[in-house]
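Shown next: structure.txt, given as compact mmCIF, C-alpha atoms and all ligand atoms.
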```
# COMPACT_ATOMS: atom_id res chain seq x y z
CA MET A 1 1.48 -18.06 21.80
CA LYS A 2 2.50 -14.42 21.38
CA PRO A 3 5.30 -14.06 18.79
CA LYS A 4 8.63 -12.79 20.11
CA VAL A 5 9.62 -9.18 19.38
CA LYS A 6 12.93 -8.80 17.49
CA PRO A 7 14.87 -5.76 18.79
CA ASN A 8 16.23 -4.92 15.33
CA LYS A 9 12.97 -5.26 13.43
CA LEU A 10 11.23 -2.17 12.09
CA VAL A 11 7.86 -2.29 10.33
CA VAL A 12 6.45 0.55 8.23
CA LEU A 13 2.71 0.61 7.53
CA SER A 14 2.24 2.99 4.62
CA GLY A 15 -0.79 4.48 2.90
CA SER A 16 -1.48 6.80 0.01
CA GLY A 17 -0.19 9.90 1.88
CA VAL A 18 3.42 8.73 1.55
CA SER A 19 3.09 8.95 -2.25
CA ALA A 20 1.15 12.24 -2.28
CA GLU A 21 4.29 14.35 -2.64
CA SER A 22 5.31 12.20 -5.62
CA GLY A 23 2.19 13.58 -7.32
CA LEU A 24 -0.18 10.62 -6.79
CA PRO A 25 -3.52 11.67 -5.25
CA THR A 26 -4.52 10.12 -1.94
CA PHE A 27 -7.64 7.99 -1.68
CA ARG A 28 -9.56 10.89 -0.16
CA ASP A 29 -8.46 13.29 -2.91
CA ALA A 30 -9.03 10.83 -5.76
CA LYS A 31 -12.31 9.21 -4.93
CA GLY A 32 -14.52 11.65 -6.85
CA LEU A 33 -15.85 10.79 -10.26
CA TRP A 34 -13.65 9.64 -13.12
CA ASN A 35 -15.29 10.07 -16.56
CA SER A 36 -18.71 9.83 -14.83
CA TYR A 37 -17.96 6.50 -13.12
CA SER A 38 -17.84 6.35 -9.34
CA TRP A 39 -14.74 5.02 -7.55
CA HIS A 40 -16.79 2.00 -6.46
CA GLU A 41 -17.83 1.28 -10.04
CA LEU A 42 -14.19 1.24 -11.12
CA ALA A 43 -12.83 -0.74 -8.20
CA SER A 44 -15.28 -3.59 -7.68
CA PRO A 45 -15.99 -7.01 -9.24
CA GLU A 46 -19.52 -5.76 -10.11
CA GLY A 47 -18.09 -2.75 -11.98
CA TRP A 48 -15.69 -5.07 -13.83
CA GLN A 49 -18.65 -7.23 -14.94
CA ARG A 50 -20.58 -4.17 -16.15
CA HIS A 51 -17.87 -1.99 -17.75
CA PRO A 52 -14.57 -3.85 -18.16
CA GLU A 53 -13.30 -1.34 -20.76
CA ALA A 54 -13.83 1.58 -18.38
CA VAL A 55 -12.13 -0.29 -15.53
CA LEU A 56 -9.10 -1.10 -17.70
CA ALA A 57 -8.90 2.50 -18.97
CA PHE A 58 -9.04 3.85 -15.40
CA TYR A 59 -6.24 1.55 -14.20
CA ASN A 60 -4.19 2.11 -17.37
CA GLU A 61 -4.23 5.83 -16.59
CA ARG A 62 -3.34 5.29 -12.91
CA ARG A 63 -0.60 2.82 -13.86
CA GLU A 64 0.96 5.23 -16.33
CA LYS A 65 0.92 8.10 -13.81
CA ALA A 66 2.33 5.90 -11.05
CA TRP A 67 5.08 4.67 -13.36
CA GLN A 68 6.03 8.25 -14.33
CA ALA A 69 6.08 9.39 -10.67
CA GLN A 70 9.37 9.37 -8.78
CA PRO A 71 9.99 8.18 -5.21
CA ASN A 72 10.21 11.10 -2.77
CA ALA A 73 12.39 11.85 0.26
CA ALA A 74 10.11 9.81 2.56
CA HIS A 75 10.40 6.68 0.40
CA ALA A 76 14.18 7.22 0.27
CA ALA A 77 14.48 7.68 4.05
CA ILE A 78 12.50 4.49 4.67
CA ALA A 79 14.78 2.60 2.26
CA SER A 80 17.86 3.98 4.08
CA LEU A 81 16.75 2.31 7.34
CA GLU A 82 17.78 -1.05 5.88
CA ALA A 83 21.40 -0.06 6.62
CA ALA A 84 20.75 -0.72 10.31
CA TYR A 85 17.43 -2.56 10.68
CA GLU A 86 15.50 -5.52 9.39
CA VAL A 87 12.81 -3.47 7.65
CA VAL A 88 9.47 -4.73 6.37
CA ILE A 89 7.07 -2.37 4.64
CA VAL A 90 3.42 -3.34 4.71
CA THR A 91 1.68 -1.03 2.28
CA GLN A 92 -1.86 -0.31 1.18
CA ASN A 93 -0.38 1.42 -1.85
CA VAL A 94 -0.59 -0.08 -5.29
CA ASP A 95 2.31 1.95 -6.70
CA ALA A 96 5.89 0.63 -6.69
CA LEU A 97 7.55 3.72 -5.19
CA HIS A 98 8.95 1.93 -2.12
CA GLU A 99 10.64 -0.68 -4.31
CA ARG A 100 11.85 1.96 -6.73
CA ALA A 101 13.42 3.86 -3.78
CA GLY A 102 15.39 0.71 -2.94
CA SER A 103 13.28 -1.03 -0.28
CA ARG A 104 13.69 -4.80 -0.62
CA ASN A 105 10.94 -6.22 1.54
CA VAL A 106 7.54 -4.78 0.62
CA VAL A 107 4.26 -6.55 1.34
CA HIS A 108 1.38 -5.21 -0.78
CA LEU A 109 -2.00 -5.71 0.91
CA HIS A 110 -4.05 -4.27 -1.97
CA GLY A 111 -2.14 -5.58 -4.98
CA GLN A 112 0.07 -3.75 -7.45
CA LEU A 113 -0.54 -1.69 -10.57
CA ALA A 114 2.62 -3.13 -12.10
CA TYR A 115 1.06 -6.61 -12.34
CA ALA A 116 -1.80 -8.10 -14.36
CA ARG A 117 -3.57 -11.34 -13.63
CA GLY A 118 -6.03 -13.74 -15.20
CA THR A 119 -9.64 -13.87 -14.04
CA SER A 120 -9.80 -17.57 -13.13
CA GLU A 121 -10.04 -18.39 -9.44
CA PRO A 122 -8.59 -19.27 -7.02
CA GLU A 123 -4.95 -18.92 -8.12
CA PRO A 124 -4.65 -16.93 -11.32
CA LYS A 125 -1.27 -16.49 -12.95
CA ARG A 126 0.28 -13.03 -12.50
CA TYR A 127 2.34 -11.11 -15.04
CA ARG A 128 4.69 -8.20 -14.45
CA ILE A 129 3.69 -5.37 -16.80
CA ASP A 130 5.39 -2.35 -15.13
CA GLY A 131 3.80 0.76 -16.73
CA SER A 132 2.17 -0.94 -19.75
CA PRO A 133 -1.60 -0.90 -20.38
CA ILE A 134 -3.93 -3.93 -20.29
CA VAL A 135 -6.38 -4.14 -23.22
CA MET A 136 -9.57 -6.11 -23.83
CA GLY A 137 -8.76 -9.40 -25.56
CA GLN A 138 -5.37 -9.69 -23.86
CA LEU A 139 -5.53 -13.13 -22.28
CA CYS A 140 -3.85 -15.03 -19.50
CA GLU A 141 -2.34 -18.37 -20.53
CA ASP A 142 -5.45 -20.08 -19.07
CA GLY A 143 -7.53 -18.21 -21.69
CA THR A 144 -9.18 -15.70 -19.33
CA GLN A 145 -9.15 -11.92 -19.82
CA LEU A 146 -6.33 -10.12 -17.99
CA ARG A 147 -7.30 -7.63 -15.27
CA PRO A 148 -5.27 -5.43 -12.91
CA ASP A 149 -3.78 -7.31 -9.94
CA ILE A 150 -5.57 -4.95 -7.57
CA VAL A 151 -7.72 -5.88 -4.59
CA TRP A 152 -11.14 -4.42 -5.28
CA PHE A 153 -13.94 -3.61 -2.81
CA GLY A 154 -15.31 -6.89 -1.47
CA GLU A 155 -12.18 -8.90 -2.37
CA ALA A 156 -9.82 -10.39 0.20
CA VAL A 157 -6.66 -8.45 1.01
CA GLN A 158 -3.40 -10.22 0.20
CA HIS A 159 -0.75 -11.46 2.71
CA PHE A 160 -2.73 -10.35 5.78
CA GLU A 161 -1.52 -13.04 8.20
CA GLU A 162 2.07 -12.46 7.16
CA ALA A 163 1.55 -8.72 7.81
CA GLU A 164 0.10 -9.38 11.29
CA GLU A 165 3.15 -11.44 12.20
CA HIS A 166 5.53 -8.74 10.98
CA VAL A 167 3.79 -6.04 13.04
CA ALA A 168 3.65 -8.21 16.15
CA THR A 169 7.39 -8.95 16.04
CA ALA A 170 8.61 -5.37 15.43
CA ALA A 171 10.35 -3.25 18.07
CA ARG A 172 9.59 -0.13 16.05
CA VAL A 173 6.41 0.57 14.07
CA LEU A 174 5.95 3.59 11.80
CA VAL A 175 2.55 4.37 10.26
CA VAL A 176 2.86 6.94 7.49
CA GLY A 177 0.26 8.51 5.20
CA SER A 178 -2.75 6.43 6.14
CA SER A 179 -5.99 7.69 7.66
CA LEU A 180 -6.44 4.16 9.12
CA THR A 181 -10.01 4.04 7.85
CA VAL A 182 -9.74 1.25 5.25
CA TYR A 183 -10.19 -2.18 6.87
CA PRO A 184 -8.76 -4.70 7.50
CA ALA A 185 -5.46 -2.90 6.79
CA ALA A 186 -6.19 -0.33 9.53
CA SER A 187 -6.58 -3.05 12.16
CA LEU A 188 -2.89 -4.04 11.83
CA VAL A 189 -1.86 -1.34 14.33
CA ARG A 190 -3.55 -3.39 17.05
CA TYR A 191 -0.98 -6.16 16.64
CA ALA A 192 1.93 -3.89 17.61
CA ASP A 193 3.69 -4.89 20.82
CA ARG A 194 2.92 -2.82 23.89
CA ASN A 195 6.60 -1.93 24.36
CA ALA A 196 7.36 -1.21 20.70
CA GLU A 197 8.15 2.38 19.77
CA LYS A 198 5.12 3.42 17.72
CA VAL A 199 5.00 6.56 15.58
CA LEU A 200 2.33 7.89 13.23
CA VAL A 201 3.07 10.51 10.56
CA ALA A 202 0.23 12.26 8.68
CA LEU A 203 -1.05 15.70 7.80
CA ASP A 204 -4.11 15.16 9.95
CA MET A 205 -5.57 12.31 11.94
CA GLU A 206 -9.04 11.99 13.43
CA GLU A 207 -8.07 9.38 15.97
CA VAL A 208 -4.52 8.40 16.88
CA PRO A 209 -4.34 4.73 17.93
CA ARG A 210 -3.38 4.05 21.54
CA GLY A 211 0.34 3.99 22.24
CA PHE A 212 1.28 5.89 19.05
CA THR A 213 3.12 9.22 19.04
CA PHE A 214 1.59 11.49 16.38
CA LEU A 215 4.14 13.49 14.38
CA GLN A 216 2.01 15.86 12.34
CA GLY A 217 3.46 17.08 9.05
CA ARG A 218 4.47 16.20 5.54
CA ALA A 219 6.04 12.81 5.04
CA THR A 220 9.02 14.33 3.19
CA ASP A 221 9.80 16.58 6.18
CA VAL A 222 9.05 14.28 9.10
CA VAL A 223 10.17 10.83 7.92
CA PRO A 224 13.79 11.76 6.98
CA ALA A 225 14.30 13.34 10.44
CA LEU A 226 12.82 10.29 12.16
CA ALA A 227 14.92 7.91 10.05
CA ALA A 228 18.06 9.91 10.90
CA ARG A 229 17.27 9.57 14.61
CA TRP A 230 16.60 5.83 14.33
CA LEU A 231 19.81 5.30 12.34
CA SER A 232 21.84 7.18 14.94
CA GLU A 233 20.24 5.17 17.76
CA ALA A 234 21.36 2.03 15.94
CA GLY A 235 24.90 3.42 15.74
CA SER A 236 24.88 3.97 11.96
P1 LIG A 301 -6.40 8.05 2.86
O1 LIG A 301 -6.58 8.93 1.65
O2 LIG A 301 -7.61 7.54 3.53
O3 LIG A 301 -5.53 8.88 3.92
C1 LIG A 301 -4.38 9.58 3.54
C2 LIG A 301 -3.62 9.95 4.77
O4 LIG A 301 -2.38 10.48 4.35
C3 LIG A 301 -4.30 11.02 5.64
O5 LIG A 301 -4.13 10.66 7.01
C4 LIG A 301 -3.48 12.29 5.36
O6 LIG A 301 -3.34 13.12 6.50
C5 LIG A 301 -2.14 11.71 5.01
N1 LIG A 301 -1.37 12.51 4.06
C6 LIG A 301 -1.76 13.12 2.92
N2 LIG A 301 -0.73 13.76 2.35
C7 LIG A 301 0.35 13.56 3.16
C8 LIG A 301 1.70 13.97 3.13
N3 LIG A 301 2.20 14.73 2.15
N4 LIG A 301 2.52 13.59 4.14
C9 LIG A 301 2.05 12.83 5.17
N5 LIG A 301 0.77 12.41 5.25
C10 LIG A 301 -0.06 12.77 4.26
O7 LIG A 301 -5.41 6.88 2.45
P2 LIG A 301 -5.18 5.36 2.98
O8 LIG A 301 -5.37 5.29 4.46
O9 LIG A 301 -3.88 4.94 2.39
O10 LIG A 301 -6.36 4.54 2.31
C11 LIG A 301 -6.24 4.56 0.93
C12 LIG A 301 -6.74 3.45 0.09
O11 LIG A 301 -6.60 3.93 -1.27
C13 LIG A 301 -5.89 2.24 0.17
O12 LIG A 301 -6.79 1.18 0.06
C14 LIG A 301 -4.98 2.27 -1.08
O13 LIG A 301 -4.91 0.97 -1.66
C15 LIG A 301 -5.69 3.16 -2.06
N6 LIG A 301 -4.85 4.16 -2.81
C16 LIG A 301 -3.52 3.94 -3.08
C17 LIG A 301 -2.75 4.91 -3.77
C18 LIG A 301 -1.31 4.62 -4.11
O14 LIG A 301 -0.94 3.47 -4.30
N7 LIG A 301 -0.43 5.65 -4.21
C19 LIG A 301 -3.33 6.12 -4.13
C20 LIG A 301 -4.71 6.32 -3.83
C21 LIG A 301 -5.45 5.33 -3.17
```
Rewrite the structure of this file - the entire thing - as structure tokens.
Ligand code: NAD
Amino acid sequence: MKPKVKPNKLVVLSGSGVSAESGLPTFRDAKGLWNSYSWHELASPEGWQRHPEAVLAFYNERREKAWQAQPNAAHAAIASLEAAYEVVIVTQNVDALHERAGSRNVVHLHGQLAYARGTSEPEPKRYRIDGSPIVMGQLCEDGTQLRPDIVWFGEAVQHFEEAEEHVATAARVLVVGSSLTVYPAASLVRYADRNAEKVLVALDMEEVPRGFTFLQGRATDVVPALAARWLSEAGS
């Protein structure tokens, strides 16, 4: 049975573009070579088997930069929507900028830099490490080497069914800063209700999904104006 749409529910699907103006490169901008390793080599189970030190060093650098970055006006505007709406953020981002801007309900599809986990399957223990590095020899309590709690190429995304349900029950859906090219995250837009208000914010977009209004521009310009409109519509 189709889940029921909640008039007050607002879901934000965010991608790396929402953090670009906080100084974190988008996927497209960052996926060149890092110290002669390809992005795939640094973000895959095979790369981890071959060069664990390089993988840890790469994520230690990203974690440190993400921890030093500050939330921007788009993160803040999204957090402000909680004054009037039940807001759920479903993000492909691995930074913690939504949470640090004050958002309380953030679902991370691709894991988080601020956590480490053991390498035993299927349910490794996770540890909150914030901006700290992970080093070789640092072990989980089950005795396995710690690795970043990041979903690598070929690994299953986290919380996908929960995310589908959130999108399907939202009366408003905002996609911000995602090219909608990384699957399965990109397929979530298809679960939006036909009558939901659906808005997409990006600098550029090859193909705008059906039913979405494309607001072209920088997240820090467009999202605060949109949030102000939605807050006034809710009487806040
Ligand atoms: P992408 O790089 O494929 O697309 C970025 C999108 O953001 C584009 O549509 C672009 O127009 C838009 N954009 C860029 N700057 C913007 C700005 N200032 N304002 C508004 N829009 C802007 O990114 P994706 O679709 O998120 O796919 C990225 C993948 O890379 C994900 O899997 C994610 O896990 C990972 N990633 C995450 C981070 C992060 O956590 N900050 C950074 C890099 C990569």
Practice task
Go ahead and find all residues with at least one atom no further than 7 Å from (-17.1, -3.6, -3.0) in the file's coordinates, using all atoms listed in the file; report them as a ChimeraX atom specification.
Solution key: /A:40,44,152-154
Practice task
Please check which protein, DNA or RNA residues sit within 7 Å of ligand LIG 301 (chain A), counting all atoms listed in the file, and write them as a PyMOL selection string.
Solution key: chain A and resi 14-21+24-30+92-95+110+176-182+201-205+217-220
Fill in the blank from the handout: atom CA of A:Glu164 sits from atom CA of A:Ala192 at a separation of 8.6 Å
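Excluding A:Lys9 and any residue on its chain fewer than 2 positions from it, the residues at most 10 Å away by all atoms listed in the file are A:Val5, A:Lys6, A:Pro7, A:Val11, A:Glu82, A:Ala84, A:Tyr85, A:Glu86, A:Val87, A:Val88, A:His166, A:Val167, A:Thr169, A:Ala170, A:Ala171, A:Arg172, A:Val173.
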Fill in the blank from the handout: As a check of understanding: the span from atom CA of A:Tyr183 to atom CA of A:Phe214 is 20.4 Å
Exercise for the section: Just give me the gap between atom CA of A:Asn72 and atom CA of A:Arg128 in Å, one decimal is fine. Expected result: 23.2 Å
Problem - For stretch 138-143 of chain A: contacts at 9 Å, only C-alpha atoms, fewer than 5 positions along chain excluded, given as a VMD selection string - result: chain A and resid 116 to 120 124 to 127
For A:Leu200: contacts at 7 Å, all atoms listed in the file, fewer than 4 positions along chain excluded, given as an mmCIF file with C-alpha atoms, keeping the file's coordinate frame:
```
data_model
loop_
_atom_site.group_PDB
_atom_site.id
_atom_site.type_symbol
_atom_site.label_atom_id
_atom_site.label_comp_id
_atom_site.auth_asym_id
_atom_site.auth_seq_id
_atom_site.Cartn_x
_atom_site.Cartn_y
_atom_site.Cartn_z
ATOM 1 C CA LEU A 174 5.950 3.590 11.800
ATOM 2 C CA VAL A 175 2.550 4.370 10.260
ATOM 3 C CA VAL A 176 2.860 6.940 7.490
ATOM 4 C CA PHE A 212 1.280 5.890 19.050
ATOM 5 C CA THR A 213 3.120 9.220 19.040
ATOM 6 C CA PHE A 214 1.590 11.490 16.380
ATOM 7 C CA LEU A 215 4.140 13.490 14.380
#
```
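Here the question is which of A:Ser36, A:Gln216, A:Ser103, A:Thr144 gets nearest to A:Glu121 using all atoms listed in the file, and that residue is A:Thr144.
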Counting all atoms listed in the file, which residues have an atom no more than 8 Å from (14.3, 11.4, 3.3) in the file's coordinates? Please list them as a tab-separated table (two decimals) with C-alpha atoms, keeping the file's coordinate frame.
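Saved to selection15.tsv:
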```tsv
chain	number	residue	atom	x	y	z
A	72	ASN	CA	10.21	11.10	-2.77
A	73	ALA	CA	12.39	11.85	0.26
A	74	ALA	CA	10.11	9.81	2.56
A	75	HIS	CA	10.40	6.68	0.40
A	76	ALA	CA	14.18	7.22	0.27
A	77	ALA	CA	14.48	7.68	4.05
A	78	ILE	CA	12.50	4.49	4.67
A	220	THR	CA	9.02	14.33	3.19
A	221	ASP	CA	9.80	16.58	6.18
A	223	VAL	CA	10.17	10.83	7.92
A	224	PRO	CA	13.79	11.76	6.98
A	225	ALA	CA	14.30	13.34	10.44
A	227	ALA	CA	14.92	7.91	10.05
```
